[in-house]
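File shown here: model_23.txt, holding compact mmCIF, C-alpha atoms.
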# COMPACT_ATOMS: atom_id res chain seq x y z
CA MET A 1 0.00 0.00 0.00
CA ALA A 2 1.31 3.44 -0.86
CA GLU A 3 1.49 5.93 1.95
CA TYR A 4 -1.31 8.27 0.98
CA THR A 5 -2.61 8.47 4.53
CA ILE A 6 -1.39 9.55 7.95
CA ARG A 7 -2.36 6.58 10.08
CA TYR A 8 -2.73 5.92 13.80
CA ALA A 9 -4.02 3.15 16.03
CA VAL A 10 -5.91 4.57 19.00
CA GLU A 11 -7.45 3.47 22.29
CA GLY A 12 -11.19 3.49 22.93
CA SER A 13 -14.27 2.24 21.15
CA PHE A 14 -15.15 3.02 17.56
CA GLU A 15 -17.99 5.34 18.59
CA GLU A 16 -15.90 7.17 21.20
CA THR A 17 -13.17 7.64 18.63
CA VAL A 18 -15.49 9.15 16.03
CA GLU A 19 -16.69 11.64 18.65
CA ARG A 20 -13.13 12.46 19.75
CA VAL A 21 -11.99 12.98 16.17
CA VAL A 22 -14.86 15.36 15.41
CA ASP A 23 -14.16 17.30 18.63
CA ALA A 24 -10.40 17.46 18.03
CA LEU A 25 -10.91 18.63 14.46
CA ALA A 26 -13.32 21.33 15.66
CA GLU A 27 -10.80 22.54 18.25
CA ASP A 28 -8.32 23.04 15.42
CA GLY A 29 -10.82 24.88 13.21
CA PHE A 30 -11.80 21.97 10.97
CA GLY A 31 -15.53 21.49 10.51
CA VAL A 32 -16.87 18.12 9.43
CA LEU A 33 -18.85 18.97 6.29
CA CYS A 34 -19.46 15.41 5.24
CA ASP A 35 -20.07 12.31 7.39
CA ILE A 36 -20.55 8.98 5.65
CA ASP A 37 -21.37 5.84 7.63
CA VAL A 38 -19.95 3.27 5.22
CA GLN A 39 -21.23 0.26 7.13
CA GLN A 40 -24.78 1.61 7.21
CA THR A 41 -24.68 2.74 3.57
CA LEU A 42 -23.51 -0.65 2.29
CA GLN A 43 -26.10 -2.38 4.49
CA ASP A 44 -28.90 -0.18 3.15
CA LYS A 45 -27.86 -0.14 -0.51
CA LEU A 46 -26.39 -3.60 -1.04
CA ASP A 47 -27.52 -5.61 1.99
CA VAL A 48 -23.90 -6.58 2.67
CA GLU A 49 -22.08 -6.59 5.99
CA PHE A 50 -19.02 -4.40 6.31
CA ARG A 51 -16.82 -3.40 9.24
CA LYS A 52 -17.58 -0.20 11.18
CA TYR A 53 -16.16 2.56 8.99
CA ARG A 54 -16.81 6.29 8.90
CA ILE A 55 -15.60 8.87 6.42
CA LEU A 56 -15.44 12.37 7.90
CA GLY A 57 -14.86 15.17 5.40
CA ALA A 58 -12.94 17.88 7.25
CA CYS A 59 -12.60 21.45 6.07
CA ASN A 60 -10.72 24.39 7.53
CA PRO A 61 -12.42 27.36 5.83
CA PRO A 62 -9.45 29.80 5.70
CA LEU A 63 -7.13 27.12 4.32
CA ALA A 64 -9.77 25.89 1.86
CA HIS A 65 -10.28 29.47 0.70
CA ASP A 66 -6.54 29.96 0.20
CA GLY A 67 -6.29 26.69 -1.71
CA MET A 68 -9.29 27.24 -3.97
CA SER A 69 -8.22 30.81 -4.68
CA ALA A 70 -4.87 29.47 -5.93
CA GLU A 71 -6.37 26.49 -7.78
CA LEU A 72 -9.99 26.73 -8.90
CA GLU A 73 -10.56 23.02 -9.43
CA LEU A 74 -9.12 22.08 -6.04
CA GLY A 75 -12.68 21.50 -4.79
CA ALA A 76 -12.57 18.20 -6.69
CA LEU A 77 -10.09 17.04 -4.02
CA LEU A 78 -11.84 18.54 -0.98
CA PRO A 79 -12.73 18.16 1.83
CA CYS A 80 -9.80 16.31 3.44
CA ASN A 81 -11.04 12.97 4.68
CA VAL A 82 -10.38 11.47 8.07
CA ILE A 83 -11.49 7.86 8.27
CA VAL A 84 -12.21 5.82 11.40
CA TYR A 85 -12.56 2.07 11.13
CA GLU A 86 -12.27 -1.23 12.91
CA THR A 87 -9.22 -3.27 12.01
CA ASP A 88 -9.24 -7.03 11.43
CA ALA A 89 -7.83 -7.37 14.96
CA GLY A 90 -10.81 -5.48 16.39
CA GLU A 91 -8.84 -2.34 17.16
CA VAL A 92 -9.72 1.15 16.03
CA ALA A 93 -7.68 2.95 13.39
CA VAL A 94 -7.83 6.61 12.39
CA SER A 95 -6.28 7.79 9.14
CA ALA A 96 -6.22 11.13 7.41
CA VAL A 97 -5.60 11.56 3.74
CA ASP A 98 -2.13 13.09 3.37
CA PRO A 99 -2.71 16.41 1.59
CA ALA A 100 0.90 16.52 0.41
CA VAL A 101 0.42 13.21 -1.45
CA MET A 102 -3.01 14.20 -2.75
CA LEU A 103 -1.70 17.47 -4.09
CA SER A 104 1.16 15.71 -5.84
CA VAL A 105 -1.38 15.17 -8.66
CA VAL A 106 -1.88 18.94 -8.90
CA ASP A 107 0.98 20.74 -10.59
CA ASN A 108 0.72 24.01 -8.66
CA PRO A 109 3.54 25.03 -6.29
CA ALA A 110 1.32 27.77 -4.80
CA LEU A 111 -0.50 24.97 -2.97
CA ASP A 112 2.60 23.53 -1.28
CA PRO A 113 2.46 25.70 1.86
CA VAL A 114 -1.29 25.07 2.26
CA ALA A 115 -0.78 21.31 1.85
CA ASP A 116 2.07 21.31 4.35
CA GLU A 117 0.04 23.21 6.91
CA VAL A 118 -3.00 20.93 6.53
CA SER A 119 -0.77 17.84 6.76
CA ASP A 120 0.87 19.11 9.95
CA ARG A 121 -2.44 20.04 11.55
CA LEU A 122 -4.22 16.78 10.68
CA GLU A 123 -1.22 14.83 11.93
CA ALA A 124 -1.32 16.77 15.23
CA VAL A 125 -5.07 16.12 15.61
CA LEU A 126 -4.58 12.37 15.15
CA ALA A 127 -1.43 12.18 17.28
CA GLY A 128 -3.33 13.86 20.12
CA LEU A 129 -6.01 11.17 20.37
CA PRO A 130 -5.89 8.89 23.45
CA GLY A 131 -3.30 6.14 23.00
CA ALA A 132 -2.43 7.27 19.48
CA THR A 133 0.39 5.22 17.96
CA ALA A 134 1.62 5.88 14.44
CA VAL A 135 1.14 2.89 12.14
CA GLU A 136 3.44 2.22 9.21
CA ALA A 137 1.35 1.75 6.08
CA THR A 138 2.92 -1.53 5.06
CA ASP A 139 -0.06 -3.84 4.61
CA MET B 1 -2.82 22.78 -14.06
CA ALA B 2 -2.41 19.03 -14.03
CA GLU B 3 -5.24 17.01 -15.50
CA TYR B 4 -6.68 15.47 -12.37
CA THR B 5 -10.24 16.19 -13.46
CA ILE B 6 -12.57 15.33 -16.31
CA ARG B 7 -13.88 18.74 -17.28
CA TYR B 8 -16.82 20.02 -19.34
CA ALA B 9 -18.46 23.34 -20.09
CA VAL B 10 -22.26 23.01 -20.18
CA GLU B 11 -25.35 24.99 -21.14
CA GLY B 12 -27.90 26.17 -18.59
CA SER B 13 -27.81 28.00 -15.29
CA PHE B 14 -25.72 26.98 -12.32
CA GLU B 15 -28.77 25.78 -10.36
CA GLU B 16 -30.20 23.81 -13.31
CA THR B 17 -26.83 22.19 -13.82
CA VAL B 18 -26.50 21.07 -10.21
CA GLU B 19 -29.94 19.45 -10.47
CA ARG B 20 -29.10 17.79 -13.80
CA VAL B 21 -25.83 16.43 -12.47
CA VAL B 22 -27.51 14.93 -9.41
CA ASP B 23 -30.22 13.37 -11.60
CA ALA B 24 -27.75 12.01 -14.16
CA LEU B 25 -25.55 10.53 -11.43
CA ALA B 26 -28.61 8.87 -9.87
CA GLU B 27 -29.62 7.36 -13.22
CA ASP B 28 -26.20 5.74 -13.39
CA GLY B 29 -26.37 4.42 -9.83
CA PHE B 30 -24.30 7.12 -8.14
CA GLY B 31 -25.83 8.59 -5.01
CA VAL B 32 -24.73 12.01 -3.82
CA LEU B 33 -23.61 11.33 -0.24
CA CYS B 34 -22.07 14.72 0.33
CA ASP B 35 -23.17 18.13 -0.95
CA ILE B 36 -21.09 21.17 -0.02
CA ASP B 37 -22.16 24.67 -1.02
CA VAL B 38 -18.74 26.32 -1.07
CA GLN B 39 -20.05 29.83 -1.67
CA GLN B 40 -22.46 29.60 1.28
CA THR B 41 -19.88 27.96 3.56
CA LEU B 42 -17.25 30.63 2.89
CA GLN B 43 -19.87 33.35 3.34
CA ASP B 44 -21.01 31.88 6.68
CA LYS B 45 -17.58 31.03 8.08
CA LEU B 46 -15.33 33.77 6.72
CA ASP B 47 -17.74 36.44 5.48
CA VAL B 48 -16.02 36.40 2.09
CA GLU B 49 -17.61 36.38 -1.35
CA PHE B 50 -16.83 33.45 -3.60
CA ARG B 51 -18.22 32.29 -6.93
CA LYS B 52 -21.09 29.78 -7.04
CA TYR B 53 -19.42 26.45 -6.42
CA ARG B 54 -20.80 23.09 -5.29
CA ILE B 55 -18.95 19.93 -4.37
CA LEU B 56 -21.06 16.80 -4.87
CA GLY B 57 -19.61 13.61 -3.40
CA ALA B 58 -20.81 10.76 -5.63
CA CYS B 59 -20.75 7.13 -4.63
CA ASN B 60 -21.72 4.01 -6.56
CA PRO B 61 -22.20 1.47 -3.75
CA PRO B 62 -21.19 -1.72 -5.64
CA LEU B 63 -18.04 -0.10 -7.01
CA ALA B 64 -17.21 1.47 -3.65
CA HIS B 65 -17.63 -1.93 -2.01
CA ASP B 66 -15.32 -3.57 -4.58
CA GLY B 67 -12.74 -0.85 -4.11
CA MET B 68 -12.78 -0.81 -0.32
CA SER B 69 -12.68 -4.60 -0.18
CA ALA B 70 -9.49 -4.50 -2.26
CA GLU B 71 -7.97 -1.53 -0.40
CA LEU B 72 -9.15 -0.87 3.15
CA GLU B 73 -7.95 2.73 3.35
CA LEU B 74 -9.54 3.69 0.05
CA GLY B 75 -12.30 5.47 1.98
CA ALA B 76 -9.78 8.26 2.56
CA LEU B 77 -10.17 9.05 -1.17
CA LEU B 78 -13.96 8.59 -1.40
CA PRO B 79 -16.54 9.62 -2.48
CA CYS B 80 -15.64 10.76 -6.01
CA ASN B 81 -16.29 14.46 -6.28
CA VAL B 82 -18.16 16.18 -9.06
CA ILE B 83 -17.85 19.95 -8.86
CA VAL B 84 -20.11 22.54 -10.49
CA TYR B 85 -18.98 26.16 -10.61
CA GLU B 86 -19.24 29.45 -12.41
CA THR B 87 -16.26 30.35 -14.56
CA ASP B 88 -14.71 33.81 -14.75
CA ALA B 89 -16.60 34.23 -18.04
CA GLY B 90 -19.92 33.55 -16.28
CA GLU B 91 -20.37 30.13 -17.82
CA VAL B 92 -20.99 26.91 -15.93
CA ALA B 93 -18.33 24.22 -15.66
CA VAL B 94 -18.72 20.67 -14.40
CA SER B 95 -15.67 18.61 -13.47
CA ALA B 96 -15.27 15.18 -11.98
CA VAL B 97 -12.17 14.04 -10.19
CA ASP B 98 -10.44 11.53 -12.46
CA PRO B 99 -10.34 8.31 -10.41
CA ALA B 100 -7.47 6.97 -12.52
CA VAL B 101 -5.31 9.94 -11.53
CA MET B 102 -6.45 9.82 -7.91
CA LEU B 103 -5.66 6.15 -7.63
CA SER B 104 -2.20 6.72 -9.07
CA VAL B 105 -1.22 7.55 -5.47
CA VAL B 106 -2.41 4.10 -4.38
CA ASP B 107 -0.06 1.32 -5.33
CA ASN B 108 -2.68 -1.41 -5.78
CA PRO B 109 -3.29 -2.87 -9.26
CA ALA B 110 -6.47 -4.57 -8.02
CA LEU B 111 -8.08 -1.13 -8.12
CA ASP B 112 -7.28 -0.43 -11.78
CA PRO B 113 -10.46 -1.97 -13.24
CA VAL B 114 -12.63 -0.20 -10.64
CA ALA B 115 -10.92 3.13 -11.35
CA ASP B 116 -11.33 2.66 -15.10
CA GLU B 117 -15.01 1.84 -14.77
CA VAL B 118 -15.70 4.83 -12.51
CA SER B 119 -13.74 7.13 -14.86
CA ASP B 120 -15.73 5.94 -17.86
CA ARG B 121 -19.05 6.29 -16.11
CA LEU B 122 -18.40 9.75 -14.68
CA GLU B 123 -17.15 10.89 -18.07
CA ALA B 124 -20.37 9.58 -19.68
CA VAL B 125 -22.53 11.35 -17.09
CA LEU B 126 -20.79 14.67 -17.74
CA ALA B 127 -20.69 14.25 -21.53
CA GLY B 128 -24.45 13.64 -21.50
CA LEU B 129 -25.32 17.01 -19.96
CA PRO B 130 -26.99 19.59 -22.26
CA GLY B 131 -24.43 21.34 -24.44
CA ALA B 132 -21.51 19.50 -22.82
CA THR B 133 -18.17 20.39 -24.39
CA ALA B 134 -14.93 18.87 -23.15
CA VAL B 135 -12.50 21.49 -21.82
CA GLU B 136 -8.76 20.99 -21.93
CA ALA B 137 -7.32 21.61 -18.49
CA THR B 138 -4.69 24.09 -19.59
CA ASP B 139 -5.26 27.05 -17.34
Any chance you could put this one into structure tokens?
Amino acid sequence: MAEYTIRYAVEGSFEETVERVVDALAEDGFGVLCDIDVQQTLQDKLDVEFRKYRILGACNPPLAHDGMSAELELGALLPCNVIVYETDAGEVAVSAVDPAVMLSVVDNPALDPVADEVSDRLEAVLAGLPGATAVEATD
Amino acid sequence: MAEYTIRYAVEGSFEETVERVVDALAEDGFGVLCDIDVQQTLQDKLDVEFRKYRILGACNPPLAHDGMSAELELGALLPCNVIVYETDAGEVAVSAVDPAVMLSVVDNPALDPVADEVSDRLEAVLAGLPGATAVEATD
């Protein structure tokens, strides 16, 4: 697997973790503009069972404004997702899309400082969760 | 600008176009799970004026299930965004993120057929809009 995410294992239940992630994002000025319950959606639409899995679309308005002002089509890559899911071992993982990797597909150096700042801030949010341990993306 | 989107100019008003895009996606089995009014959000949060701009997060449940079964962290890159916005010339543009480009950051060949199918289907949805004309992403 390529390292396109910033990934942590955390302590606590899945539900607690979702709540903590939303709160920690809010404290750092990231609103959750999009909240997809993957398990529920796949149950409803396909009648299949899937692990607990949430996609939270996080947006920091000043940084989004800077980014979209420099690159009009950037909205196609926004918001920045933070995912929370149960691992095969029954633990809870939290990953954020790495904006620096995402923006590698956009050839616009004006976005580099914005991407770096978002990367640093999302990493700090995840690293601050209870029991957060960085996970190497090797599987 | 790198070509990370599939991009069309269309006929009709911004509001009509948003409605047509949502309807055309639905006809092809893509639900809109996320709908962000960028103009309104930036007005509310930052009190700044921005062009009309919507981010529609489109998800085809069977294809999403295939993709996430092959690549657990793929949710960090989902849903696939379709953006509708006003251009500087006052026309309406519709762009979809190109899943083939997005998935170039994921080193997992199992996703290639899923990415190709989503690319083809999003391209067909956009090309079928009234007056759709492909735009080269050169600016």
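Nearest residue to Gly128 in chain A, choosing from A:Leu74, A:Ala96, A:Val10, A:Val101 and counting all atoms listed in the file: A:Val10.
Using all atoms listed in the file, the smallest distance between any of A:Val48, A:Val106, A:Ala89, A:Ala100 and chain B comes from A:Val106.
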Distance criterion (all atoms listed in the file): nearest to chain A out of B:Arg121, B:Asp66, B:Val82, B:Ala132: B:Val82
Mind fitting chain B onto chain A over all Cα atoms in sequence order and sending the result as a short mmCIF file (atom, residue, chain, number, x, y, z; two decimals) with C-alpha atoms, keeping the file's coordinate frame?
data_model
loop_
_atom_site.label_atom_id
_atom_site.label_comp_id
_atom_site.auth_asym_id
_atom_site.auth_seq_id
_atom_site.Cartn_x
_atom_site.Cartn_y
_atom_site.Cartn_z
CA MET B 1 -0.02 -0.02 0.05
CA ALA B 2 1.29 3.40 -0.85
CA GLU B 3 1.49 5.92 1.96
CA TYR B 4 -1.30 8.27 0.97
CA THR B 5 -2.61 8.48 4.52
CA ILE B 6 -1.40 9.55 7.94
CA ARG B 7 -2.36 6.57 10.06
CA TYR B 8 -2.73 5.92 13.79
CA ALA B 9 -4.02 3.16 16.03
CA VAL B 10 -5.93 4.58 19.01
CA GLU B 11 -7.45 3.47 22.30
CA GLY B 12 -11.19 3.49 22.94
CA SER B 13 -14.27 2.23 21.15
CA PHE B 14 -15.15 3.02 17.57
CA GLU B 15 -18.00 5.34 18.59
CA GLU B 16 -15.89 7.18 21.20
CA THR B 17 -13.17 7.64 18.63
CA VAL B 18 -15.49 9.14 16.02
CA GLU B 19 -16.69 11.65 18.63
CA ARG B 20 -13.13 12.47 19.74
CA VAL B 21 -11.99 12.99 16.17
CA VAL B 22 -14.86 15.36 15.42
CA ASP B 23 -14.17 17.30 18.63
CA ALA B 24 -10.41 17.47 18.04
CA LEU B 25 -10.91 18.63 14.45
CA ALA B 26 -13.32 21.33 15.65
CA GLU B 27 -10.80 22.55 18.24
CA ASP B 28 -8.32 23.05 15.42
CA GLY B 29 -10.81 24.88 13.21
CA PHE B 30 -11.80 21.97 10.97
CA GLY B 31 -15.52 21.50 10.50
CA VAL B 32 -16.86 18.13 9.43
CA LEU B 33 -18.85 18.97 6.29
CA CYS B 34 -19.45 15.41 5.25
CA ASP B 35 -20.05 12.32 7.39
CA ILE B 36 -20.54 8.98 5.65
CA ASP B 37 -21.37 5.84 7.62
CA VAL B 38 -19.95 3.27 5.21
CA GLN B 39 -21.23 0.25 7.12
CA GLN B 40 -24.79 1.62 7.20
CA THR B 41 -24.68 2.74 3.56
CA LEU B 42 -23.51 -0.65 2.30
CA GLN B 43 -26.09 -2.38 4.48
CA ASP B 44 -28.90 -0.16 3.14
CA LYS B 45 -27.87 -0.16 -0.52
CA LEU B 46 -26.38 -3.61 -1.05
CA ASP B 47 -27.51 -5.60 1.98
CA VAL B 48 -23.91 -6.58 2.68
CA GLU B 49 -22.07 -6.60 5.99
CA PHE B 50 -19.02 -4.40 6.31
CA ARG B 51 -16.83 -3.40 9.23
CA LYS B 52 -17.58 -0.20 11.17
CA TYR B 53 -16.17 2.55 8.99
CA ARG B 54 -16.82 6.29 8.89
CA ILE B 55 -15.60 8.87 6.42
CA LEU B 56 -15.44 12.37 7.90
CA GLY B 57 -14.86 15.17 5.41
CA ALA B 58 -12.93 17.88 7.27
CA CYS B 59 -12.61 21.44 6.08
CA ASN B 60 -10.71 24.38 7.53
CA PRO B 61 -12.42 27.34 5.84
CA PRO B 62 -9.45 29.77 5.71
CA LEU B 63 -7.13 27.11 4.31
CA ALA B 64 -9.77 25.89 1.87
CA HIS B 65 -10.28 29.46 0.70
CA ASP B 66 -6.52 29.95 0.20
CA GLY B 67 -6.28 26.69 -1.70
CA MET B 68 -9.28 27.23 -3.95
CA SER B 69 -8.22 30.80 -4.68
CA ALA B 70 -4.87 29.46 -5.91
CA GLU B 71 -6.37 26.48 -7.78
CA LEU B 72 -9.99 26.74 -8.90
CA GLU B 73 -10.55 23.01 -9.42
CA LEU B 74 -9.12 22.08 -6.04
CA GLY B 75 -12.67 21.51 -4.78
CA ALA B 76 -12.57 18.22 -6.69
CA LEU B 77 -10.09 17.03 -4.01
CA LEU B 78 -11.85 18.54 -0.98
CA PRO B 79 -12.72 18.17 1.85
CA CYS B 80 -9.80 16.30 3.45
CA ASN B 81 -11.03 12.96 4.67
CA VAL B 82 -10.39 11.47 8.07
CA ILE B 83 -11.48 7.85 8.27
CA VAL B 84 -12.21 5.83 11.41
CA TYR B 85 -12.56 2.06 11.13
CA GLU B 86 -12.26 -1.23 12.91
CA THR B 87 -9.21 -3.28 12.01
CA ASP B 88 -9.23 -7.03 11.43
CA ALA B 89 -7.81 -7.36 14.95
CA GLY B 90 -10.81 -5.48 16.39
CA GLU B 91 -8.84 -2.35 17.16
CA VAL B 92 -9.71 1.15 16.03
CA ALA B 93 -7.68 2.95 13.38
CA VAL B 94 -7.83 6.60 12.40
CA SER B 95 -6.28 7.79 9.14
CA ALA B 96 -6.22 11.13 7.42
CA VAL B 97 -5.59 11.56 3.74
CA ASP B 98 -2.13 13.08 3.38
CA PRO B 99 -2.73 16.40 1.58
CA ALA B 100 0.89 16.50 0.41
CA VAL B 101 0.42 13.21 -1.44
CA MET B 102 -3.00 14.20 -2.75
CA LEU B 103 -1.71 17.47 -4.08
CA SER B 104 1.15 15.70 -5.84
CA VAL B 105 -1.38 15.17 -8.65
CA VAL B 106 -1.87 18.94 -8.89
CA ASP B 107 0.98 20.73 -10.58
CA ASN B 108 0.70 24.01 -8.66
CA PRO B 109 3.52 25.05 -6.30
CA ALA B 110 1.31 27.77 -4.81
CA LEU B 111 -0.50 24.99 -2.97
CA ASP B 112 2.59 23.54 -1.29
CA PRO B 113 2.45 25.71 1.85
CA VAL B 114 -1.29 25.07 2.25
CA ALA B 115 -0.78 21.32 1.83
CA ASP B 116 2.07 21.32 4.35
CA GLU B 117 0.04 23.23 6.91
CA VAL B 118 -2.99 20.95 6.53
CA SER B 119 -0.76 17.85 6.76
CA ASP B 120 0.86 19.11 9.95
CA ARG B 121 -2.44 20.02 11.55
CA LEU B 122 -4.22 16.78 10.69
CA GLU B 123 -1.22 14.83 11.93
CA ALA B 124 -1.33 16.77 15.22
CA VAL B 125 -5.06 16.12 15.62
CA LEU B 126 -4.58 12.38 15.14
CA ALA B 127 -1.43 12.18 17.29
CA GLY B 128 -3.33 13.87 20.12
CA LEU B 129 -6.01 11.17 20.38
CA PRO B 130 -5.88 8.89 23.46
CA GLY B 131 -3.29 6.15 23.03
CA ALA B 132 -2.42 7.27 19.49
CA THR B 133 0.38 5.22 17.95
CA ALA B 134 1.63 5.88 14.44
CA VAL B 135 1.14 2.89 12.13
CA GLU B 136 3.42 2.24 9.19
CA ALA B 137 1.34 1.75 6.08
CA THR B 138 2.91 -1.53 5.05
CA ASP B 139 -0.04 -3.82 4.58
#
Residues of range 59-106 of chain B at most 9 Å from range 29-42 of chain A: nearest atom pair and distance in Å, all atoms listed in the file, as a Markdown table:
| residue | atom | partner | partner_atom | distance |
| --- | --- | --- | --- | --- |
| B:Pro61 | CA | A:Leu42 | CA | 6.5 |
| B:Pro62 | CA | A:Leu42 | CA | 8.3 |
| B:Ala64 | CA | A:Leu42 | CA | 8.9 |
| B:His65 | CA | A:Leu42 | CA | 7.4 |
| B:Gly75 | CA | A:Val38 | CA | 8.6 |
Only C-alpha atoms, please: the residues just picked out, written as a compact mmCIF listing (two decimals), in the coordinates of the input.
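result_9.txt, written as the output of this step:
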# COMPACT_ATOMS: atom_id res chain seq x y z
CA PRO B 61 -22.20 1.47 -3.75
CA PRO B 62 -21.19 -1.72 -5.64
CA ALA B 64 -17.21 1.47 -3.65
CA HIS B 65 -17.63 -1.93 -2.01
CA GLY B 75 -12.30 5.47 1.98
8 Å contact set for range 109-118 of chain A, all atoms listed in the file, chain neighbours under 3 positions out, as JSON, numbers by chain: {"A": [63, 66, 67, 70, 71, 99, 100, 103, 121, 122]}
Using the selection just defined, write its residues with C-alpha atoms as a PDB file, in the frame of the given file.
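Output contents, as saved in again.pdb:
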ATOM      1  CA  LEU A  63      -7.130  27.120   4.320  1.00  0.00           C
ATOM      2  CA  ASP A  66      -6.540  29.960   0.200  1.00  0.00           C
ATOM      3  CA  GLY A  67      -6.290  26.690  -1.710  1.00  0.00           C
ATOM      4  CA  ALA A  70      -4.870  29.470  -5.930  1.00  0.00           C
ATOM      5  CA  GLU A  71      -6.370  26.490  -7.780  1.00  0.00           C
ATOM      6  CA  PRO A  99      -2.710  16.410   1.590  1.00  0.00           C
ATOM      7  CA  ALA A 100       0.900  16.520   0.410  1.00  0.00           C
ATOM      8  CA  LEU A 103      -1.700  17.470  -4.090  1.00  0.00           C
ATOM      9  CA  ARG A 121      -2.440  20.040  11.550  1.00  0.00           C
ATOM     10  CA  LEU A 122      -4.220  16.780  10.680  1.00  0.00           C
TER      11      LEU A 122
END
Computed interatomic separation between CA of Asn81 in chain B and CA of Gly131 in chain B (Å): 21.1 Å
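CA of Ile6 in chain B to CA of Asp98 in chain B spans 5.8 Å [interatomic distance, one decimal].
Remark: for Glu16 in chain B, the closest of the candidate residues B:Cys59, B:Leu126, B:Val92, B:Ile83 is B:Val92 (distances computed over all atoms listed in the file).
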From B:Arg7, B:Asp107, B:Ala76, B:Val94, residue lying nearest Ile55 in chain B [all atoms listed in the file]: B:Val94
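The space separating CA of Ala24 in chain A from CA of Ala127 in chain A comes to 10.4 Å.
If you measure from each of B:Pro79, B:Gly12, B:Tyr53, B:Val97 to chain A using all atoms listed in the file, the closest one turns out to be B:Val97.
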Around range 68-74 of chain B, with edges along x, y and z and 8 Å added on all six sides, what centre and edge lengths do you get, in Å to one decimal, as AutoDock Vina command-line options?
--center_x -10.4 --center_y -0.5 --center_z 0.5 --size_x 20.8 --size_y 24.3 --size_z 21.6
Selection near Glu91 in chain B, 10 Å with all atoms listed in the file, sequence-local residues under 5 positions removed, as a PyMOL selection string: chain B and resi 9-14+85-86
File of the preceding selection, C-alpha atoms, as an mmCIF file, keeping the file's coordinate frame:
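As a result, selection_30.cif now contains:
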data_model
loop_
_atom_site.group_PDB
_atom_site.id
_atom_site.type_symbol
_atom_site.label_atom_id
_atom_site.label_comp_id
_atom_site.auth_asym_id
_atom_site.auth_seq_id
_atom_site.Cartn_x
_atom_site.Cartn_y
_atom_site.Cartn_z
ATOM 1 C CA ALA B 9 -18.460 23.340 -20.090
ATOM 2 C CA VAL B 10 -22.260 23.010 -20.180
ATOM 3 C CA GLU B 11 -25.350 24.990 -21.140
ATOM 4 C CA GLY B 12 -27.900 26.170 -18.590
ATOM 5 C CA SER B 13 -27.810 28.000 -15.290
ATOM 6 C CA PHE B 14 -25.720 26.980 -12.320
ATOM 7 C CA TYR B 85 -18.980 26.160 -10.610
ATOM 8 C CA GLU B 86 -19.240 29.450 -12.410
#
